[in-house]
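*Asks:* So here's data-v6.txt (compact mmCIF, C-alpha atoms and all ligand atoms).
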```
# COMPACT_ATOMS: atom_id res chain seq x y z
CA MET W 24 -179.51 107.21 81.48
CA ASN W 25 -177.85 110.12 79.77
CA ASN W 26 -174.51 111.61 80.76
CA LEU W 27 -176.02 114.00 83.30
CA GLU W 28 -178.19 111.31 84.90
CA ARG W 29 -175.20 109.01 85.20
CA LEU W 30 -173.19 111.78 86.88
CA ALA W 31 -176.09 112.41 89.26
CA PHE W 32 -176.20 108.71 90.15
CA ASP W 33 -172.43 108.65 90.61
CA ARG W 34 -172.68 111.63 92.93
CA GLN W 35 -175.32 109.97 95.07
CA HIS W 36 -174.04 106.39 95.21
CA ILE W 37 -170.36 105.97 94.40
CA TRP W 38 -167.36 106.83 96.52
CA HIS W 39 -164.37 108.37 94.76
CA PRO W 40 -160.92 108.55 96.37
CA TYR W 41 -160.86 110.55 99.60
CA THR W 42 -164.28 112.04 98.97
CA SER W 43 -167.31 113.15 100.93
CA ALA W 44 -170.67 111.48 100.32
CA LEU W 45 -172.43 114.76 101.05
CA ASP W 46 -170.32 117.23 99.16
CA PRO W 47 -168.15 115.32 96.67
CA LEU W 48 -165.87 117.18 94.28
CA PRO W 49 -167.18 117.05 90.71
CA VAL W 50 -166.07 114.16 88.50
CA PHE W 51 -165.79 113.99 84.72
CA GLU W 52 -167.07 110.96 82.86
CA VAL W 53 -164.50 109.39 80.56
CA GLU W 54 -165.64 107.64 77.43
CA SER W 55 -162.29 106.31 76.24
CA ALA W 56 -158.56 106.87 76.47
CA SER W 57 -155.90 106.33 73.86
CA GLY W 58 -152.20 107.22 73.74
CA VAL W 59 -151.82 110.39 75.81
CA GLU W 60 -155.44 111.47 75.41
CA ILE W 61 -158.48 111.06 77.62
CA ARG W 62 -161.79 111.56 75.84
CA LEU W 63 -164.68 112.76 77.98
CA ALA W 64 -168.29 111.70 77.48
CA ASP W 65 -169.16 115.28 76.50
CA GLY W 66 -166.70 115.06 73.60
CA ARG W 67 -163.84 117.07 75.09
CA VAL W 68 -160.36 115.61 74.74
CA LEU W 69 -157.76 116.08 77.48
CA LEU W 70 -154.00 115.75 77.23
CA ASP W 71 -153.05 113.46 80.10
CA GLY W 72 -150.34 114.65 82.48
CA MET W 73 -150.99 112.09 85.23
CA SER W 74 -150.55 108.61 83.68
CA SER W 75 -153.49 107.73 85.94
CA TRP W 76 -151.34 108.08 89.07
CA TRP W 77 -147.93 106.91 87.79
CA ALA W 78 -149.35 103.82 86.09
CA ALA W 79 -150.07 104.27 82.35
CA ILE W 80 -146.43 104.78 81.40
CA HIS W 81 -146.83 103.72 77.75
CA GLY W 82 -150.14 105.53 77.29
CA TYR W 83 -153.67 104.17 77.05
CA ASN W 84 -155.01 101.54 74.68
CA HIS W 85 -151.53 100.33 73.75
CA PRO W 86 -151.55 97.76 70.91
CA GLU W 87 -149.00 95.41 72.53
CA LEU W 88 -150.62 95.53 75.94
CA ASN W 89 -154.04 94.99 74.36
CA LYS W 90 -152.66 92.00 72.49
CA ALA W 91 -151.11 90.51 75.63
CA VAL W 92 -154.38 90.56 77.51
CA GLU W 93 -156.39 89.33 74.50
CA ASN W 94 -154.05 86.39 74.02
CA GLN W 95 -154.04 85.50 77.68
CA ILE W 96 -157.82 85.65 78.01
CA LYS W 97 -158.11 82.92 75.39
CA SER W 98 -156.20 80.39 77.51
CA MET W 99 -157.25 81.46 81.03
CA SER W 100 -158.20 84.62 82.85
CA HIS W 101 -157.57 83.23 86.28
CA VAL W 102 -156.87 80.11 88.29
CA MET W 103 -156.19 79.94 92.00
CA PHE W 104 -152.51 80.04 92.95
CA GLY W 105 -152.77 77.62 95.85
CA GLY W 106 -151.56 74.28 94.51
CA LEU W 107 -151.47 75.55 90.93
CA THR W 108 -149.01 77.61 88.94
CA HIS W 109 -148.70 78.89 85.39
CA LYS W 110 -146.29 80.14 82.77
CA PRO W 111 -147.17 83.86 83.02
CA ALA W 112 -146.38 83.86 86.77
CA ILE W 113 -143.11 81.99 86.25
CA GLU W 114 -141.96 84.03 83.27
CA LEU W 115 -142.75 87.29 85.06
CA ALA W 116 -140.91 86.26 88.23
CA GLN W 117 -137.84 85.35 86.17
CA LYS W 118 -137.90 88.76 84.51
CA LEU W 119 -138.49 90.69 87.75
CA ILE W 120 -135.61 88.91 89.49
CA GLU W 121 -133.40 89.67 86.51
CA ILE W 122 -134.11 93.40 86.28
CA THR W 123 -134.43 94.39 89.96
CA PRO W 124 -131.35 95.15 92.09
CA ASP W 125 -129.10 92.19 92.98
CA GLY W 126 -130.10 89.84 95.73
CA LEU W 127 -133.87 89.96 95.28
CA ASP W 128 -134.67 86.35 94.45
CA TRP W 129 -138.16 85.64 95.77
CA VAL W 130 -141.41 87.07 94.44
CA PHE W 131 -144.76 87.40 96.20
CA TYR W 132 -147.63 88.53 93.95
CA SER W 133 -150.59 90.51 95.25
CA ASP W 134 -153.44 92.74 94.13
CA SER W 135 -152.37 96.28 94.87
CA GLY W 136 -149.57 98.46 96.13
CA SER W 137 -150.92 98.77 99.66
CA VAL W 138 -151.16 95.00 99.93
CA ALA W 139 -147.59 94.65 98.63
CA VAL W 140 -146.55 96.95 101.48
CA GLU W 141 -148.52 94.92 104.03
CA VAL W 142 -146.81 91.77 102.75
CA ALA W 143 -143.39 93.45 102.99
CA MET W 144 -144.10 94.42 106.60
CA LYS W 145 -145.31 90.90 107.43
CA MET W 146 -142.12 89.50 105.90
CA ALA W 147 -140.04 91.76 108.13
CA LEU W 148 -141.97 90.81 111.27
CA GLN W 149 -141.78 87.10 110.52
CA TYR W 150 -138.08 87.40 109.73
CA TRP W 151 -137.32 88.54 113.28
CA GLN W 152 -139.86 86.27 114.89
CA SER W 153 -138.08 83.33 113.24
CA GLN W 154 -134.88 84.40 114.96
CA ASN W 155 -136.54 84.62 118.37
CA LYS W 156 -136.47 88.39 118.36
CA PRO W 157 -140.18 89.15 118.52
CA GLU W 158 -139.38 92.47 120.21
CA LYS W 159 -138.15 93.72 116.81
CA ASN W 160 -141.69 94.48 115.73
CA ALA W 161 -141.86 98.19 114.93
CA PHE W 162 -140.99 100.10 111.78
CA ALA W 163 -138.85 103.14 111.19
CA THR W 164 -139.80 105.48 108.38
CA LEU W 165 -139.38 109.00 107.02
CA LYS W 166 -141.82 111.82 107.56
CA LYS W 167 -143.53 113.03 104.35
CA GLY W 168 -143.73 109.44 103.13
CA TYR W 169 -146.65 107.60 101.57
CA HIS W 170 -147.05 103.82 101.54
CA GLY W 171 -150.72 103.12 100.94
CA ASP W 172 -154.11 103.15 102.60
CA THR W 173 -154.39 99.79 104.35
CA TRP W 174 -153.80 99.51 108.08
CA HIS W 175 -150.09 98.97 108.54
CA ALA W 176 -149.27 100.88 105.36
CA MET W 177 -151.18 103.84 106.81
CA SER W 178 -149.20 103.64 110.04
CA VAL W 179 -145.99 104.49 108.14
CA CYS W 180 -147.49 107.36 106.09
CA ASP W 181 -146.63 110.91 107.10
CA PRO W 182 -148.24 111.60 110.49
CA GLU W 183 -149.52 115.01 109.39
CA THR W 184 -150.60 114.62 105.76
CA GLY W 185 -151.51 110.98 106.38
CA MET W 186 -154.53 109.64 108.21
CA HIS W 187 -153.16 109.41 111.74
CA SER W 188 -155.46 112.11 113.05
CA ILE W 189 -158.54 110.15 111.96
CA TYR W 190 -157.61 106.64 113.14
CA ASN W 191 -155.08 107.84 115.67
CA ASP W 192 -154.89 105.40 118.58
CA ARG W 193 -156.01 102.44 116.47
CA LEU W 194 -152.86 102.66 114.35
CA PRO W 195 -149.69 100.88 115.41
CA LYS W 196 -147.08 103.35 116.67
CA GLN W 197 -144.03 103.58 114.45
CA PHE W 198 -140.74 105.47 114.58
CA PHE W 199 -140.71 108.60 112.42
CA VAL W 200 -137.61 110.52 111.50
CA GLU W 201 -137.38 113.99 109.95
CA GLU W 202 -137.52 113.72 106.15
CA PRO W 203 -134.23 114.19 104.25
CA GLN W 204 -133.44 117.88 103.77
CA ILE W 205 -130.81 117.80 101.03
CA SER W 206 -132.36 117.62 97.60
CA PHE W 207 -131.39 115.23 94.84
CA PHE W 208 -129.46 118.05 93.21
CA GLY W 209 -128.05 119.57 96.39
CA GLU W 210 -124.56 119.24 97.81
CA TRP W 211 -124.33 116.26 100.13
CA ASN W 212 -123.47 116.74 103.76
CA ASP W 213 -123.37 113.88 106.27
CA SER W 214 -125.45 115.92 108.71
CA ASP W 215 -128.55 115.00 106.69
CA ILE W 216 -128.36 111.40 107.86
CA LEU W 217 -127.78 112.17 111.56
CA PRO W 218 -131.46 112.13 112.58
CA LEU W 219 -131.89 108.66 111.07
CA GLU W 220 -128.66 107.45 112.65
CA LYS W 221 -129.82 108.69 116.05
CA LEU W 222 -133.23 107.09 115.70
CA LEU W 223 -131.86 103.71 114.62
CA SER W 224 -129.03 103.65 117.15
CA GLU W 225 -131.43 104.39 120.00
CA ASN W 226 -134.24 102.07 118.97
CA TYR W 227 -132.76 99.30 116.84
CA LYS W 228 -133.74 96.63 119.34
CA GLN W 229 -137.39 97.32 118.57
CA ILE W 230 -137.10 98.01 114.85
CA ALA W 231 -137.80 95.27 112.32
CA ALA W 232 -137.28 97.35 109.23
CA LEU W 233 -136.80 100.80 107.81
CA ILE W 234 -139.39 101.42 105.11
CA LEU W 235 -138.92 104.28 102.66
CA GLU W 236 -139.62 105.44 99.14
CA PRO W 237 -136.22 105.53 97.45
CA ILE W 238 -135.19 109.01 96.14
CA VAL W 239 -138.70 110.33 95.44
CA GLN W 240 -141.21 110.83 98.23
CA GLY W 241 -144.39 110.79 96.17
CA ALA W 242 -147.90 111.35 97.46
CA GLY W 243 -146.56 112.65 100.81
CA GLY W 244 -144.98 115.73 99.26
CA MET W 245 -143.32 115.06 95.88
CA ARG W 246 -139.81 115.54 97.26
CA PHE W 247 -136.56 114.37 95.63
CA TYR W 248 -133.78 113.58 98.09
CA HIS W 249 -130.08 112.95 97.75
CA PRO W 250 -128.86 109.47 96.66
CA ASN W 251 -126.26 109.55 99.43
CA TYR W 252 -129.08 109.55 101.95
CA LEU W 253 -130.27 106.24 100.56
CA LYS W 254 -126.73 104.87 100.50
CA GLN W 255 -126.18 105.84 104.13
CA ALA W 256 -129.56 104.45 105.12
CA ARG W 257 -128.53 101.11 103.61
CA LEU W 258 -125.29 101.14 105.60
CA LEU W 259 -127.08 102.05 108.83
CA CYS W 260 -129.52 99.18 108.33
CA ASN W 261 -126.59 96.81 107.97
CA GLN W 262 -124.89 98.25 111.02
CA TYR W 263 -127.96 98.05 113.27
CA ASP W 264 -129.35 94.81 111.93
CA ILE W 265 -132.50 96.30 110.46
CA LEU W 266 -134.12 95.24 107.19
CA LEU W 267 -134.49 97.85 104.46
CA ILE W 268 -137.81 97.92 102.61
CA ALA W 269 -137.74 99.99 99.40
CA ASP W 270 -141.23 100.98 98.33
CA GLU W 271 -140.74 101.43 94.56
CA ILE W 272 -144.46 101.38 93.82
CA ALA W 273 -144.38 104.92 92.40
CA THR W 274 -140.73 105.12 91.32
CA GLY W 275 -140.34 101.71 89.67
CA PHE W 276 -140.18 101.06 85.92
CA GLY W 277 -138.26 104.11 84.80
CA ARG W 278 -140.15 107.10 86.22
CA THR W 279 -137.08 108.72 87.85
CA GLY W 280 -134.77 108.13 84.90
CA LYS W 281 -133.47 104.80 86.27
CA LEU W 282 -135.41 101.59 85.93
CA PHE W 283 -135.60 101.53 89.75
CA ALA W 284 -134.85 104.51 91.98
CA CYS W 285 -132.52 102.37 94.14
CA GLU W 286 -130.13 102.42 91.17
CA HIS W 287 -129.44 106.13 91.79
CA ALA W 288 -127.67 105.02 94.96
CA HIS W 289 -126.45 101.61 93.73
CA ILE W 290 -128.09 99.82 96.61
CA SER W 291 -130.16 96.69 97.03
CA PRO W 292 -132.93 96.64 99.61
CA ASP W 293 -133.82 93.47 101.54
CA ILE W 294 -137.43 93.80 100.43
CA MET W 295 -138.84 95.72 97.48
CA CYS W 296 -142.45 96.62 96.67
CA LEU W 297 -143.62 97.08 93.09
CA GLY W 298 -147.02 98.15 91.79
CA LYS W 299 -148.64 100.99 89.86
CA ALA W 300 -146.85 100.87 86.44
CA ILE W 301 -146.19 97.12 86.68
CA THR W 302 -149.04 96.28 84.25
CA GLY W 303 -148.50 99.44 82.18
CA GLY W 304 -151.51 100.96 83.92
CA TYR W 305 -154.00 98.32 82.75
CA MET W 306 -155.02 96.70 86.02
CA SER W 307 -154.31 96.47 89.69
CA PHE W 308 -151.37 94.23 90.46
CA ALA W 309 -148.30 94.29 92.67
CA ALA W 310 -145.30 92.28 93.79
CA THR W 311 -143.10 92.12 96.87
CA LEU W 312 -139.59 90.81 96.28
CA THR W 313 -137.10 89.70 98.86
CA SER W 314 -133.77 87.95 99.31
CA GLN W 315 -133.06 84.25 99.68
CA LYS W 316 -131.90 85.00 103.23
CA VAL W 317 -135.17 86.62 104.30
CA ALA W 318 -137.29 83.99 102.55
CA GLN W 319 -135.30 81.15 104.10
CA THR W 320 -135.24 82.64 107.58
CA ILE W 321 -139.02 83.13 107.57
CA SER W 322 -139.48 79.52 106.53
CA GLU W 323 -137.16 78.23 109.26
CA GLY W 324 -139.26 79.92 111.93
CA SER W 325 -142.04 78.43 114.00
CA ALA W 326 -144.68 79.70 111.56
CA LYS W 327 -142.74 77.94 108.76
CA VAL W 328 -144.74 79.73 106.07
CA LEU W 329 -145.27 83.30 104.93
CA MET W 330 -148.83 83.97 106.09
CA HIS W 331 -150.47 85.68 103.16
CA GLY W 332 -152.41 84.41 100.13
CA PRO W 333 -154.75 86.66 98.15
CA THR W 334 -157.60 85.08 96.16
CA PHE W 335 -156.39 86.64 92.93
CA MET W 336 -152.69 86.02 93.61
CA ALA W 337 -150.62 85.94 90.38
CA ASN W 338 -153.66 86.63 88.22
CA PRO W 339 -152.61 85.43 84.74
CA LEU W 340 -154.08 88.46 82.92
CA ALA W 341 -152.07 90.79 85.15
CA CYS W 342 -148.93 88.66 84.77
CA ALA W 343 -149.30 88.64 80.97
CA LEU W 344 -149.69 92.42 80.98
CA ALA W 345 -146.66 92.84 83.23
CA ILE W 346 -144.58 90.66 80.90
CA ALA W 347 -145.70 92.77 77.93
CA ASN W 348 -144.88 95.96 79.87
CA LEU W 349 -141.38 94.63 80.63
CA LYS W 350 -140.91 93.72 76.95
CA ILE W 351 -141.70 97.29 75.94
CA LEU W 352 -139.31 98.58 78.60
CA ALA W 353 -136.59 96.14 77.48
CA SER W 354 -136.30 97.98 74.16
CA ASN W 355 -134.86 100.79 76.29
CA LYS W 356 -136.80 103.42 74.37
CA TRP W 357 -138.16 104.63 77.72
CA LYS W 358 -134.73 106.02 78.67
CA ASN W 359 -134.72 108.49 75.86
CA GLU W 360 -138.41 109.26 76.29
CA VAL W 361 -137.97 110.05 79.98
CA LEU W 362 -134.83 112.07 79.26
CA GLN W 363 -136.65 114.13 76.62
CA LEU W 364 -139.53 114.85 78.98
CA GLU W 365 -137.06 115.78 81.73
CA GLN W 366 -135.17 118.14 79.43
CA THR W 367 -138.34 119.82 78.19
CA MET W 368 -139.60 120.30 81.74
CA ASN W 369 -136.20 121.58 82.86
CA LEU W 370 -136.28 124.09 80.05
CA TYR W 371 -139.75 125.51 80.75
CA PHE W 372 -140.58 124.80 84.40
CA PRO W 373 -138.44 127.68 85.73
CA GLU W 374 -140.99 130.01 84.05
CA PHE W 375 -143.51 129.02 86.73
CA LYS W 376 -141.32 130.84 89.25
CA SER W 377 -142.58 134.11 87.83
CA PHE W 378 -145.85 133.49 89.71
CA LYS W 379 -145.50 134.94 93.20
CA GLU W 380 -147.77 132.10 94.43
CA VAL W 381 -145.14 129.53 93.43
CA LYS W 382 -142.68 128.49 96.11
CA ASP W 383 -140.57 125.98 94.21
CA VAL W 384 -140.38 124.01 90.99
CA ARG W 385 -138.49 120.75 90.58
CA VAL W 386 -138.02 118.10 87.93
CA LEU W 387 -136.59 114.60 88.10
CA GLY W 388 -136.97 112.08 85.29
CA ALA W 389 -140.54 112.24 84.02
CA ILE W 390 -141.80 114.00 87.16
CA GLY W 391 -142.44 117.74 87.26
CA VAL W 392 -143.56 119.51 90.43
CA ILE W 393 -144.83 123.03 91.06
CA GLU W 394 -145.08 123.68 94.79
CA LEU W 395 -147.26 126.60 95.84
CA HIS W 396 -147.25 128.63 99.04
CA LYS W 397 -150.90 127.84 99.69
CA ALA W 398 -153.17 124.87 99.11
CA VAL W 399 -155.26 125.11 95.96
CA ASP W 400 -159.03 125.16 95.63
CA MET W 401 -159.28 121.80 93.87
CA LYS W 402 -162.76 122.32 92.51
CA VAL W 403 -161.94 125.63 90.86
CA LEU W 404 -158.48 124.72 89.60
CA GLN W 405 -159.55 121.31 88.27
CA ALA W 406 -162.32 122.86 86.18
CA ILE W 407 -159.94 125.39 84.63
CA PHE W 408 -157.46 122.62 83.74
CA VAL W 409 -160.23 120.69 82.00
CA ASN W 410 -161.39 123.82 80.17
CA HIS W 411 -157.84 124.21 78.92
CA GLY W 412 -157.85 120.63 77.62
CA ILE W 413 -155.37 119.05 80.01
CA TRP W 414 -155.70 116.51 82.77
CA LEU W 415 -153.75 117.32 85.93
CA ARG W 416 -154.90 116.47 89.43
CA PRO W 417 -153.40 118.87 91.96
CA PHE W 418 -153.46 118.13 95.68
CA GLY W 419 -152.77 120.44 98.58
CA LYS W 420 -149.99 122.84 97.64
CA LEU W 421 -148.81 120.66 94.76
CA VAL W 422 -149.48 120.91 91.07
CA TYR W 423 -147.51 118.15 89.43
CA THR W 424 -147.22 116.00 86.35
CA MET W 425 -145.91 112.53 85.60
CA PRO W 426 -146.90 112.14 81.95
CA PRO W 427 -146.92 108.90 79.98
CA TYR W 428 -143.39 108.29 78.65
CA ILE W 429 -144.71 108.32 75.08
CA MET W 430 -145.73 111.98 75.32
CA SER W 431 -143.94 113.88 72.53
CA THR W 432 -141.84 116.98 73.16
CA GLU W 433 -144.50 119.08 71.41
CA GLN W 434 -147.24 117.65 73.61
CA MET W 435 -145.11 118.19 76.72
CA LYS W 436 -144.65 121.83 75.72
CA GLU W 437 -148.39 122.12 75.16
CA LEU W 438 -149.06 120.63 78.61
CA ILE W 439 -146.70 123.13 80.21
CA GLN W 440 -148.11 126.11 78.30
CA LYS W 441 -151.67 125.15 79.22
CA THR W 442 -150.65 124.64 82.83
CA LYS W 443 -149.27 128.16 82.75
CA SER W 444 -152.39 129.71 81.29
CA THR W 445 -154.50 127.72 83.77
CA LEU W 446 -152.49 128.96 86.74
CA ASN W 447 -152.56 132.47 85.32
CA GLN W 448 -156.35 132.41 85.20
CA TYR W 449 -156.61 130.73 88.62
CA PHE W 450 -154.26 133.15 90.43
CA ASN W 451 -155.78 136.23 88.82
CA ASN W 452 -159.36 135.53 89.77
C1 LIG S 1 -149.62 104.36 95.35
C2 LIG S 1 -148.62 103.93 96.33
C3 LIG S 1 -148.88 102.87 97.24
C4 LIG S 1 -150.22 102.19 97.31
O1 LIG S 1 -150.55 101.52 96.14
P1 LIG S 1 -152.11 101.16 95.85
O2 LIG S 1 -152.04 100.34 94.60
O3 LIG S 1 -152.81 102.46 95.66
O4 LIG S 1 -152.61 100.40 97.02
C5 LIG S 1 -147.87 102.50 98.09
N1 LIG S 1 -146.67 103.10 98.07
C6 LIG S 1 -146.37 104.11 97.22
C7 LIG S 1 -145.02 104.71 97.24
C8 LIG S 1 -147.34 104.56 96.33
O5 LIG S 1 -147.05 105.59 95.51
```
The structure given in the file should be rewritten as structure tokens.
*Replies:*
Amino acid sequence: MNNLERLAFDRQHIWHPYTSALDPLPVFEVESASGVEIRLADGRVLLDGMSSWWAAIHGYNHPELNKAVENQIKSMSHVMFGGLTHKPAIELAQKLIEITPDGLDWVFYSDSGSVAVEVAMKMALQYWQSQNKPEKNAFATLKKGYHGDTWHAMSVCDPETGMHSIYNDRLPKQFFVEEPQISFFGEWNDSDILPLEKLLSENYKQIAALILEPIVQGAGGMRFYHPNYLKQARLLCNQYDILLIADEIATGFGRTGKLFACEHAHISPDIMCLGKAITGGYMSFAATLTSQKVAQTISEGSAKVLMHGPTFMANPLACALAIANLKILASNKWKNEVLQLEQTMNLYFPEFKSFKEVKDVRVLGAIGVIELHKAVDMKVLQAIFVNHGIWLRPFGKLVYTMPPYIMSTEQMKELIQKTKSTLNQYFNN
């Protein structure tokens, strides 16, 4: 099969994310990826502004990550985690407990972010069941959130941009509160927390946990909210006896300028979900962390055990990669890298405001967002981006970038310039 035949097969037989089988958006075949570059099968090279959805933070084909997986494969690729354990799992758990906010002392490994969220939600339900409060079985969450595509994760995604309309009455009903209105950079006013306070005070008897993405609401709208909101949410959870689940799957490992977004507000959640960048973008892996108190309470309940156990739990290759990722992060080079990217974006992003089609631009850490007034034509815009030699994947009204941390200032400028010329061509046609 040549490149065109492969693409034809792909089009007729393989699902891509959120895609029609009858009229799929075009896809581009990738031959290889290295550093901040994605090389297409037709020879074109794209500068990557997506880190493959927040994951490839140190770039592709990284020598230390390659070495970690090569070394691990020689001793074992996988063994079951029931009844067996191994050094990579233990070493990784030690490191995760050390670097995450205080009080998170237990680690549950799983295969993907959505599963980590499911596990977090199961933990919360079992926690209350163990205390003979089975009526605390619903979740509170923020509108414009995103927590994954599995069943319960879906139920706490934004009711409009999420999938509620499709699965509607099959999804568990959760408590939604208006998303925070005051931006990360705005002036704090206690009124922003009132809707959450009202919701929790009226419904706390039914609420097991509040689940939210700390500081950055990602796939649900790319919004940055005020750290005081998160602080107040923590206090309200204490006051109303509700667990706080921080979904750091997108924000974790430095993306917002702090190692974890919870650090912006100096809070510790009761449960934390990690994924995406955890293996430096090499493979699917995730972890759910919780406190001694939650772990112990679950185990004192009638179920006695936490009821989850994936086949590939604590996969040694993934653990070895995660350890290598944390070693790279431990050098603290990422702080300066993220800061440089943030400064470069802050310098040039305001230029996008000269397009009348642009509603807002915002930058936090290594995240840059251009919000438009109208949703884009993905097919058209995507092709122009590729013709300009950059890889960005817009969705809805959002054109955004979260580049690999290793992207140089020059490359960041190039990405921004090419985004500008792409938008210029797109808007003027
Ligand atoms: C991507 C994401 C998930 C889901 O992770 P998957 O690995 O895609 O299942 C959950 N929560 C947040 C905040 C995410 O960004």
*Asks:* Would you kindly return, as an MDAnalysis selection string, each protein, DNA or RNA residue with an atom no farther than 9 Å from any atom of range 358-374 of chain W, considering all atoms listed in the file and excluding same-chain residues fewer than 3 positions away?
*Replies:* chainID W and resid 277:282 352 355 377:378 383:393 426 428:432 435:436 439:440 443
*Asks:* Would you output that residue set with C-alpha atoms, as a JSON list (two decimals), in the coordinates of the input?
*Replies:*
```json
[["chain", "number", "residue", "atom", "x", "y", "z"],
["W", 277, "GLY", "CA", -138.26, 104.11, 84.80],
["W", 278, "ARG", "CA", -140.15, 107.10, 86.22],
["W", 279, "THR", "CA", -137.08, 108.72, 87.85],
["W", 280, "GLY", "CA", -134.77, 108.13, 84.90],
["W", 281, "LYS", "CA", -133.47, 104.80, 86.27],
["W", 282, "LEU", "CA", -135.41, 101.59, 85.93],
["W", 352, "LEU", "CA", -139.31, 98.58, 78.60],
["W", 355, "ASN", "CA", -134.86, 100.79, 76.29],
["W", 377, "SER", "CA", -142.58, 134.11, 87.83],
["W", 378, "PHE", "CA", -145.85, 133.49, 89.71],
["W", 383, "ASP", "CA", -140.57, 125.98, 94.21],
["W", 384, "VAL", "CA", -140.38, 124.01, 90.99],
["W", 385, "ARG", "CA", -138.49, 120.75, 90.58],
["W", 386, "VAL", "CA", -138.02, 118.10, 87.93],
["W", 387, "LEU", "CA", -136.59, 114.60, 88.10],
["W", 388, "GLY", "CA", -136.97, 112.08, 85.29],
["W", 389, "ALA", "CA", -140.54, 112.24, 84.02],
["W", 390, "ILE", "CA", -141.80, 114.00, 87.16],
["W", 391, "GLY", "CA", -142.44, 117.74, 87.26],
["W", 392, "VAL", "CA", -143.56, 119.51, 90.43],
["W", 393, "ILE", "CA", -144.83, 123.03, 91.06],
["W", 426, "PRO", "CA", -146.90, 112.14, 81.95],
["W", 428, "TYR", "CA", -143.39, 108.29, 78.65],
["W", 429, "ILE", "CA", -144.71, 108.32, 75.08],
["W", 430, "MET", "CA", -145.73, 111.98, 75.32],
["W", 431, "SER", "CA", -143.94, 113.88, 72.53],
["W", 432, "THR", "CA", -141.84, 116.98, 73.16],
["W", 435, "MET", "CA", -145.11, 118.19, 76.72],
["W", 436, "LYS", "CA", -144.65, 121.83, 75.72],
["W", 439, "ILE", "CA", -146.70, 123.13, 80.21],
["W", 440, "GLN", "CA", -148.11, 126.11, 78.30],
["W", 443, "LYS", "CA", -149.27, 128.16, 82.75]]
```
*Asks:* Give me, please, the distance in Å between CA of Ala79 in chain W and CA of Phe276 in chain W, quoted to one decimal.
*Replies:* 11.0 Å
*Asks:* Residues of chain W within 6 Å of ligand LIG 1 (chain S): nearest atom pair and distance (Å, one decimal) for each, counting only C-alpha atoms and all ligand atoms, sorted by chain and number, as a Markdown table?
*Replies:*
```
| residue | atom | partner | partner_atom | distance |
| --- | --- | --- | --- | --- |
| W:Ser135 | CA | S:LIG1 | O2 | 4.1 |
| W:Gly136 | CA | S:LIG1 | O1 | 3.2 |
| W:Ser137 | CA | S:LIG1 | O4 | 3.5 |
| W:Tyr169 | CA | S:LIG1 | C7 | 5.5 |
| W:His170 | CA | S:LIG1 | N1 | 3.6 |
| W:Gly171 | CA | S:LIG1 | C4 | 3.8 |
| W:Glu236 | CA | S:LIG1 | C7 | 5.8 |
| W:Gly241 | CA | S:LIG1 | O5 | 5.9 |
| W:Asp270 | CA | S:LIG1 | C7 | 5.4 |
| W:Ile272 | CA | S:LIG1 | C6 | 4.8 |
| W:Ala273 | CA | S:LIG1 | O5 | 4.2 |
| W:Lys299 | CA | S:LIG1 | O2 | 5.9 |
```
*Asks:* Quote the spacing between CA of Leu222 in chain W and CA of Phe208 in chain W in Å to one decimal place.
*Replies:*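 Those two atoms sit 25.3 Å apart.
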*Asks:* Gln405 in chain W: which residues within 8 Å, counting only C-alpha atoms, same-chain residues fewer than 5 positions away excluded, as a PyMOL selection string?
*Replies:* chain W and resi 415-417
*Asks:* Can you tell me how far CA of Gly58 in chain W sits from CA of His411 in chain W, in Å to one decimal?
*Replies:*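 Answer for the CA of Gly58 in chain W to CA of His411 in chain W separation: 18.6 Å.
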*Asks:* Mind dumping a table of every range 28-143 of chain W residue within 9 Å of range 309-327 of chain W, with the nearest atom pair and its distance in Å to one decimal, using all atoms listed in the file, sorted by chain and rising number, as JSON lines?
*Replies:*
```
{"residue": "W:Leu119", "atom": "CA", "partner": "W:Leu312", "partner_atom": "CA", "distance": 8.6}
{"residue": "W:Ile120", "atom": "CA", "partner": "W:Leu312", "partner_atom": "CA", "distance": 8.1}
{"residue": "W:Thr123", "atom": "CA", "partner": "W:Leu312", "partner_atom": "CA", "distance": 8.9}
{"residue": "W:Asp125", "atom": "CA", "partner": "W:Ser314", "partner_atom": "CA", "distance": 8.9}
{"residue": "W:Gly126", "atom": "CA", "partner": "W:Ser314", "partner_atom": "CA", "distance": 5.5}
{"residue": "W:Leu127", "atom": "CA", "partner": "W:Ser314", "partner_atom": "CA", "distance": 4.5}
{"residue": "W:Asp128", "atom": "CA", "partner": "W:Ser314", "partner_atom": "CA", "distance": 5.2}
{"residue": "W:Trp129", "atom": "CA", "partner": "W:Thr313", "partner_atom": "CA", "distance": 5.2}
{"residue": "W:Val130", "atom": "CA", "partner": "W:Leu312", "partner_atom": "CA", "distance": 4.5}
{"residue": "W:Phe131", "atom": "CA", "partner": "W:Thr311", "partner_atom": "CA", "distance": 5.0}
{"residue": "W:Tyr132", "atom": "CA", "partner": "W:Ala310", "partner_atom": "CA", "distance": 4.4}
{"residue": "W:Ser133", "atom": "CA", "partner": "W:Ala309", "partner_atom": "CA", "distance": 5.1}
{"residue": "W:Asp134", "atom": "CA", "partner": "W:Ala309", "partner_atom": "CA", "distance": 5.6}
{"residue": "W:Ser135", "atom": "CA", "partner": "W:Ala309", "partner_atom": "CA", "distance": 5.0}
{"residue": "W:Gly136", "atom": "CA", "partner": "W:Ala309", "partner_atom": "CA", "distance": 5.6}
{"residue": "W:Ser137", "atom": "CA", "partner": "W:Ala309", "partner_atom": "CA", "distance": 8.7}
{"residue": "W:Val138", "atom": "CA", "partner": "W:Ala309", "partner_atom": "CA", "distance": 7.8}
{"residue": "W:Ala139", "atom": "CA", "partner": "W:Thr311", "partner_atom": "CA", "distance": 5.4}
{"residue": "W:Val140", "atom": "CA", "partner": "W:Thr311", "partner_atom": "CA", "distance": 7.5}
{"residue": "W:Val142", "atom": "CA", "partner": "W:Thr311", "partner_atom": "CA", "distance": 7.0}
{"residue": "W:Ala143", "atom": "CA", "partner": "W:Thr311", "partner_atom": "CA", "distance": 6.3}
```
